[in-house]
>>> print(open('input_21.txt').read())   # compact mmCIF, C-alpha atoms and all ligand atoms
# COMPACT_ATOMS: atom_id res chain seq x y z
CA MET A 9 179.87 92.37 -2.24
CA ASN A 10 182.10 95.40 -1.80
CA LEU A 11 180.03 98.31 -0.53
CA GLU A 12 182.03 100.80 -2.54
CA GLU A 13 180.82 98.99 -5.71
CA SER A 14 177.18 99.73 -4.99
CA PRO A 15 175.50 100.39 -8.35
CA LEU A 16 173.16 103.21 -7.25
CA ALA A 17 174.03 106.76 -8.27
CA PRO A 18 174.49 109.38 -5.51
CA LEU A 19 171.71 111.97 -5.27
CA ASP A 20 172.16 115.73 -5.23
CA PRO A 21 173.54 116.57 -1.74
CA ALA A 22 171.97 120.04 -1.94
CA ARG A 23 168.49 118.52 -1.57
CA PRO A 24 167.16 118.87 1.96
CA ILE A 25 166.66 115.16 2.48
CA ILE A 26 165.96 113.59 5.84
CA VAL A 27 166.42 109.86 6.27
CA ALA A 28 165.31 108.36 9.60
CA ILE A 29 166.73 105.03 10.74
CA ASP A 30 165.21 103.55 13.88
CA GLY A 31 165.54 100.19 15.55
CA PRO A 32 166.85 98.35 18.58
CA ALA A 33 170.49 98.11 19.71
CA GLY A 34 172.69 95.88 17.57
CA ALA A 35 170.43 95.87 14.50
CA GLY A 36 173.17 97.56 12.46
CA LYS A 37 171.81 101.14 12.46
CA SER A 38 175.17 102.85 12.85
CA THR A 39 176.78 100.90 10.02
CA VAL A 40 173.82 101.40 7.73
CA ALA A 41 173.49 105.12 8.58
CA ARG A 42 177.21 105.73 8.05
CA HIS A 43 177.16 104.10 4.61
CA LEU A 44 173.94 105.82 3.57
CA ALA A 45 175.43 109.17 4.56
CA ARG A 46 178.51 108.51 2.47
CA HIS A 47 176.59 107.13 -0.49
CA PHE A 48 174.01 109.90 -0.69
CA GLY A 49 176.20 112.80 0.52
CA LEU A 50 174.30 113.36 3.78
CA LEU A 51 175.36 114.25 7.32
CA ASN A 52 175.23 111.26 9.66
CA LEU A 53 173.80 112.16 13.08
CA GLU A 54 173.70 109.55 15.88
CA SER A 55 171.00 110.62 18.30
CA GLY A 56 171.96 107.85 20.77
CA ALA A 57 175.36 109.51 21.24
CA MET A 58 173.56 112.57 22.61
CA TYR A 59 171.69 110.51 25.22
CA ARG A 60 174.99 108.83 26.08
CA ALA A 61 176.77 112.17 26.54
CA PHE A 62 174.03 113.42 28.85
CA ALA A 63 174.11 110.11 30.77
CA LEU A 64 177.86 110.58 31.26
CA LYS A 65 177.27 114.02 32.73
CA ALA A 66 174.55 112.67 35.05
CA LEU A 67 176.88 109.87 36.22
CA ARG A 68 179.68 112.34 36.86
CA ALA A 69 177.28 114.50 38.87
CA GLY A 70 176.21 111.43 40.87
CA LEU A 71 172.53 112.05 40.14
CA PRO A 72 169.93 109.31 40.68
CA LEU A 73 169.04 108.21 37.14
CA GLY A 74 165.48 107.32 38.09
CA GLU A 75 164.48 110.87 39.14
CA SER A 76 163.33 113.27 36.50
CA ALA A 77 163.58 116.68 38.24
CA PRO A 78 167.34 116.72 39.02
CA LEU A 79 168.07 115.45 35.52
CA GLU A 80 165.92 118.20 34.04
CA SER A 81 167.87 120.84 36.01
CA LEU A 82 171.12 119.34 34.80
CA ALA A 83 169.87 119.38 31.19
CA ALA A 84 169.14 123.11 31.50
CA GLU A 85 172.86 123.75 31.97
CA THR A 86 174.14 121.24 29.42
CA ASP A 87 175.37 121.81 25.90
CA ILE A 88 175.69 118.79 23.58
CA CYS A 89 177.05 119.08 20.09
CA LEU A 90 177.61 116.44 17.38
CA GLU A 91 180.30 116.84 14.75
CA CYS A 92 180.37 114.46 11.79
CA GLY A 93 183.46 112.29 11.47
CA ASP A 94 184.29 109.55 8.97
CA GLN A 95 183.54 106.58 11.25
CA GLU A 96 181.42 108.07 14.03
CA ASN A 97 180.26 111.42 15.38
CA ARG A 98 182.54 113.49 17.57
CA VAL A 99 180.54 114.35 20.66
CA LEU A 100 181.16 117.57 22.55
CA LEU A 101 179.72 117.79 26.06
CA ASP A 102 179.93 121.38 27.30
CA GLY A 103 182.85 121.79 24.89
CA GLU A 104 184.72 118.65 26.07
CA ASP A 105 185.32 115.91 23.50
CA VAL A 106 183.79 112.86 25.23
CA THR A 107 183.59 110.63 22.14
CA GLY A 108 185.88 107.96 23.59
CA LEU A 109 183.99 107.77 26.90
CA LEU A 110 180.52 106.83 25.69
CA ARG A 111 180.59 103.17 24.66
CA ASN A 112 181.26 101.36 27.94
CA GLN A 113 178.55 99.34 29.71
CA THR A 114 178.03 101.88 32.53
CA VAL A 115 177.25 104.72 30.15
CA THR A 116 175.22 102.40 27.89
CA ASP A 117 172.96 101.40 30.80
CA ALA A 118 172.73 104.98 32.08
CA ALA A 119 171.74 106.28 28.62
CA SER A 120 168.89 103.81 28.49
CA LYS A 121 167.75 104.96 31.96
CA VAL A 122 167.93 108.75 31.44
CA SER A 123 166.13 108.41 28.11
CA VAL A 124 162.85 107.31 29.72
CA HIS A 125 162.20 110.75 31.28
CA PRO A 126 159.83 112.91 29.21
CA PRO A 127 161.57 116.27 29.94
CA ILE A 128 164.89 114.81 28.85
CA ARG A 129 163.32 113.43 25.69
CA ALA A 130 161.61 116.75 24.91
CA TRP A 131 164.94 118.57 25.26
CA MET A 132 166.79 116.01 23.12
CA VAL A 133 164.11 116.09 20.44
CA ARG A 134 164.45 119.90 20.22
CA LEU A 135 168.23 119.65 19.89
CA GLN A 136 167.93 116.93 17.26
CA GLN A 137 165.36 118.90 15.27
CA GLN A 138 167.70 121.91 15.30
CA LEU A 139 170.60 119.74 14.08
CA GLY A 140 168.53 118.36 11.20
CA ALA A 141 166.55 121.52 10.43
CA ARG A 142 168.36 122.24 7.18
CA GLY A 143 167.97 118.69 5.91
CA GLY A 144 170.65 116.70 4.14
CA VAL A 145 170.87 114.29 7.05
CA VAL A 146 170.50 110.69 8.01
CA MET A 147 169.64 110.46 11.68
CA GLU A 148 169.54 107.17 13.58
CA GLY A 149 167.90 106.40 16.89
CA ARG A 150 164.68 105.05 18.39
CA ASP A 151 162.10 107.78 17.74
CA ILE A 152 163.42 109.62 14.69
CA GLY A 153 160.65 108.57 12.29
CA THR A 154 157.89 108.72 14.92
CA VAL A 155 158.73 111.91 16.88
CA VAL A 156 161.85 113.82 15.83
CA PHE A 157 161.17 113.90 12.07
CA PRO A 158 157.68 112.52 11.45
CA HIS A 159 157.87 114.05 7.95
CA ALA A 160 161.21 112.45 7.03
CA HIS A 161 161.42 111.54 3.33
CA VAL A 162 162.51 108.01 4.10
CA LYS A 163 161.99 105.97 7.26
CA ILE A 164 163.65 102.63 7.79
CA PHE A 165 163.03 100.45 10.82
CA LEU A 166 166.01 98.14 11.08
CA ASP A 167 165.49 95.06 13.23
CA ALA A 168 167.06 91.64 13.89
CA ALA A 169 166.52 88.77 16.29
CA PRO A 170 167.91 89.47 19.80
CA GLU A 171 170.36 86.55 19.56
CA THR A 172 171.76 87.88 16.28
CA ARG A 173 172.09 91.40 17.65
CA GLY A 174 173.69 90.13 20.84
CA MET A 175 176.24 88.06 18.93
CA ARG A 176 177.12 91.04 16.74
CA ARG A 177 177.75 93.10 19.88
CA TYR A 178 179.78 90.25 21.37
CA ASP A 179 181.94 89.98 18.25
CA GLN A 180 182.59 93.74 18.40
CA LEU A 181 184.15 93.29 21.85
CA GLY A 182 187.27 91.82 20.24
CA PRO A 183 189.26 88.70 21.14
CA GLN A 184 188.65 87.04 24.53
CA PRO A 185 186.05 89.44 25.91
CA ALA A 186 185.56 89.45 29.67
CA VAL A 187 181.86 88.58 29.31
CA GLN A 188 179.98 85.58 27.94
CA PRO A 189 177.73 85.92 24.86
CA GLU A 190 174.69 85.06 27.04
CA GLU A 191 175.45 88.07 29.24
CA VAL A 192 175.60 90.41 26.25
CA ILE A 193 172.28 89.05 24.94
CA ARG A 194 170.71 89.43 28.40
CA ASP A 195 171.82 93.09 28.71
CA LEU A 196 170.54 93.80 25.25
CA ARG A 197 167.14 92.28 26.03
CA ALA A 198 166.92 94.42 29.20
CA ARG A 199 167.66 97.55 27.17
CA ASP A 200 165.13 96.50 24.50
CA GLU A 201 162.54 96.06 27.19
CA ARG A 202 163.12 99.60 28.53
CA ASP A 203 163.28 101.19 25.06
CA ARG A 204 160.12 99.44 23.81
CA ASN A 205 157.99 99.83 26.94
CA ARG A 206 158.67 103.36 28.14
CA ALA A 207 155.55 105.53 28.21
CA ASP A 208 157.05 108.42 26.23
CA SER A 209 157.92 107.70 22.58
CA PRO A 210 158.68 104.00 22.90
CA LEU A 211 160.73 102.27 20.25
CA LYS A 212 158.33 101.20 17.49
CA PRO A 213 158.20 101.50 13.73
CA ALA A 214 156.49 104.60 12.30
CA GLU A 215 153.38 103.66 10.35
CA ASP A 216 155.07 104.64 7.10
CA ALA A 217 158.45 103.07 7.92
CA ILE A 218 159.89 100.34 5.74
CA LEU A 219 160.85 97.35 7.84
CA LEU A 220 164.26 95.85 7.16
CA ASP A 221 165.08 92.69 9.08
CA SER A 222 168.82 92.04 9.08
CA THR A 223 168.68 88.72 10.97
CA SER A 224 169.73 86.66 8.00
CA LEU A 225 171.71 89.39 6.23
CA THR A 226 175.34 90.37 6.55
CA LEU A 227 175.76 94.04 7.45
CA GLU A 228 176.95 94.64 3.88
CA GLU A 229 173.73 93.15 2.54
CA ALA A 230 171.71 95.26 4.98
CA VAL A 231 173.53 98.40 3.75
CA LEU A 232 172.77 97.57 0.12
CA ALA A 233 169.12 96.87 0.93
CA ALA A 234 168.88 100.22 2.77
CA GLU A 235 170.52 102.05 -0.14
CA ALA A 236 167.98 100.55 -2.52
CA ILE A 237 165.10 101.62 -0.23
CA VAL A 238 166.39 105.20 0.01
CA ALA A 239 167.04 105.48 -3.73
CA SER A 240 163.62 104.16 -4.59
CA ARG A 241 161.80 106.38 -2.07
CA LEU A 242 163.68 109.49 -3.11
CA SER A 243 163.05 108.90 -6.79
CA THR A 244 159.30 109.07 -6.12
CA THR A 245 159.04 111.60 -3.27
CA VAL A 246 161.73 114.30 -3.64
O1 LIG B 1 171.66 104.04 19.89
P1 LIG B 1 172.38 103.97 21.22
O2 LIG B 1 172.57 102.55 21.69
O3 LIG B 1 173.66 104.75 21.22
O4 LIG B 1 171.38 104.69 22.27
C1 LIG B 1 171.68 104.77 23.64
C2 LIG B 1 170.38 104.85 24.43
O5 LIG B 1 169.72 106.08 24.14
C3 LIG B 1 169.36 103.75 24.12
O6 LIG B 1 169.29 102.79 25.15
C4 LIG B 1 168.04 104.43 24.02
C5 LIG B 1 168.33 105.89 23.98
N1 LIG B 1 167.90 106.52 22.75
C6 LIG B 1 166.61 106.99 22.68
O7 LIG B 1 165.84 106.77 23.63
N2 LIG B 1 166.18 107.66 21.59
C7 LIG B 1 166.99 107.87 20.56
N3 LIG B 1 166.56 108.55 19.49
C8 LIG B 1 168.33 107.38 20.60
C9 LIG B 1 168.74 106.69 21.71
>>> encode(input="input_21.txt", output="structure tokens")
Amino acid sequence: MNLEESPLAPLDPARPIIVAIDGPAGAGKSTVARHLARHFGLLNLESGAMYRAFALKALRAGLPLGESAPLESLAAETDICLECGDQENRVLLDGEDVTGLLRNQTVTDAASKVSVHPPIRAWMVRLQQQLGARGGVVMEGRDIGTVVFPHAHVKIFLDAAPETRGMRRYDQLGPQPAVQPEEVIRDLRARDERDRNRADSPLKPAEDAILLDSTSLTLEEAVLAAEAIVASRLSTTV
């Protein structure tokens, strides 16, 4: 089905709505969040891009990613800003547009490592709460419904089997990628492990989140299911 033909009517963009989308890598969060934002007239904020930008700065500074104190000092002199674009957020790191530098494997791994440190998380959560303070946003990440916006109007936990998520990531690498699918799935499992088992705000569904498993859905079907969840929640809670 064509996503633009979705039958649900857009809601009033002036309403201070917060939609939280959490879930593991490769579950389809970015696609779903982008379409929800467009459909309901909300700002789309990718919290993972903020961790990636900070990880890039830490890599550039040559800091050990396993030590909290130097990272905390670095955070104190770091400014990260998200600007909404049509396809993805523009990410400004201390005023520099780093959007095109955040999706490679080195930064991906580093983001997962810096995000385990509680002071870094506390700082990020503050920034994210400021960004979403006026509402009218869909924010995606790992702890949006549990920590950043525990009072979000709608919480969706988007999941899929690791093999499915890994193959989606592999397909996104384009023709003749330099890695094997098994490698992509292995990296993704390692990241899952870190995200789900860290002591501070591990990845898990909020108690009041609606679980959406996209394993056997196309991303278009997942988007339509998410739109239906948001529309139904908002019609009873806003
Ligand atoms: O969503 P992403 O793949 O761009 O996120 C990159 C890393 O940042 C991910 O490994 C975990 C971390 N992250 C987090 O801990 N909390 C969030 N709200 C978003 C991302």
>>> closest_residue(input="input_21.txt", among="A:Leu71, A:Ala61, A:Ala33, A:Ala169", to="Arg202 in chain A", atoms="only C-alpha atoms")
A:Ala33
>>> residues_near_ligand(input="input_21.txt", ligand="ligand LIG 1 (chain B)", cutoff="7 Å", atoms="only C-alpha atoms and all ligand atoms", output="CSV table (one decimal) with C-alpha atoms, keeping the file's coordinate frame")
chain,number,residue,atom,x,y,z
A,33,ALA,CA,170.5,98.1,19.7
A,55,SER,CA,171.0,110.6,18.3
A,56,GLY,CA,172.0,107.8,20.8
A,57,ALA,CA,175.4,109.5,21.2
A,59,TYR,CA,171.7,110.5,25.2
A,60,ARG,CA,175.0,108.8,26.1
A,116,THR,CA,175.2,102.4,27.9
A,117,ASP,CA,173.0,101.4,30.8
A,119,ALA,CA,171.7,106.3,28.6
A,120,SER,CA,168.9,103.8,28.5
A,123,SER,CA,166.1,108.4,28.1
A,124,VAL,CA,162.8,107.3,29.7
A,148,GLU,CA,169.5,107.2,13.6
A,149,GLY,CA,167.9,106.4,16.9
A,150,ARG,CA,164.7,105.0,18.4
A,151,ASP,CA,162.1,107.8,17.7
A,152,ILE,CA,163.4,109.6,14.7
A,199,ARG,CA,167.7,97.6,27.2
A,203,ASP,CA,163.3,101.2,25.1
>>> closest_residue(input="input_21.txt", among="A:Pro210, A:Gly74, A:Gly34, A:Pro127", to="Tyr178 in chain A", atoms="only C-alpha atoms")
A:Gly34
>>> atom_distance(input="input_21.txt", atom1="CA of Leu110 in chain A", atom2="CA of Lys65 in chain A")
10.6 Å
>>> axis_aligned_box(input="input_21.txt", around="range 118-131 of chain A", padding_each_side="6 Å", output="JSON")
{"center_x": 166.3, "center_y": 111.2, "center_z": 28.5, "size_x": 24.9, "size_y": 26.8, "size_z": 19.2}
>>> closest_residue(input="input_21.txt", among="A:Met175, A:Ile218, A:Leu51, A:Leu135", to="Val192 in chain A", atoms="all atoms listed in the file")
A:Met175
>>> closest_residue(input="input_21.txt", among="A:Ile237, A:Val187, A:Val145, A:Ala35", to="Asp200 in chain A", atoms="all atoms listed in the file")
A:Ala35
>>> residues_near_point(input="input_21.txt", point="(175.8, 116.0, 36.2)", cutoff="10 Å", atoms="only C-alpha atoms", output="list in words")
Phe62, Ala63, Leu64, Lys65, Ala66, Leu67, Arg68, Ala69, Gly70, Leu71, Pro72, Pro78, Leu79, Ser81, Leu82, Ala83, Glu85 and Thr86 of chain A
>>> atom_distance(input="input_21.txt", atom1="CA of Val106 in chain A", atom2="CA of His43 in chain A")
23.4 Å
>>> atom_distance(input="input_21.txt", atom1="CA of Gly144 in chain A", atom2="CA of Leu50 in chain A")
5.0 Å
>>> residues_near_point(input="input_21.txt", point="(157.8, 103.6, 13.4)", cutoff="10 Å", atoms="only C-alpha atoms", output="MDAnalysis selection string")
chainID A and resid 28:31 150:155 158 163:165 210:219
>>> closest_residue(input="input_21.txt", among="A:Asn52, A:Gln137, A:Ser224, A:Gln113", to="Lys37 in chain A", atoms="all atoms listed in the file")
A:Asn52
>>> closest_residue(input="input_21.txt", among="A:Arg129, A:Arg42, A:His159, A:Arg197", to="Gly93 in chain A", atoms="all atoms listed in the file")
A:Arg42
>>> residues_around(input="input_21.txt", residues="Gly174 in chain A", least_positions_apart="3", cutoff="6 Å", atoms="all atoms listed in the file", output="ChimeraX atom specification")
/A:170-171,177,192-193
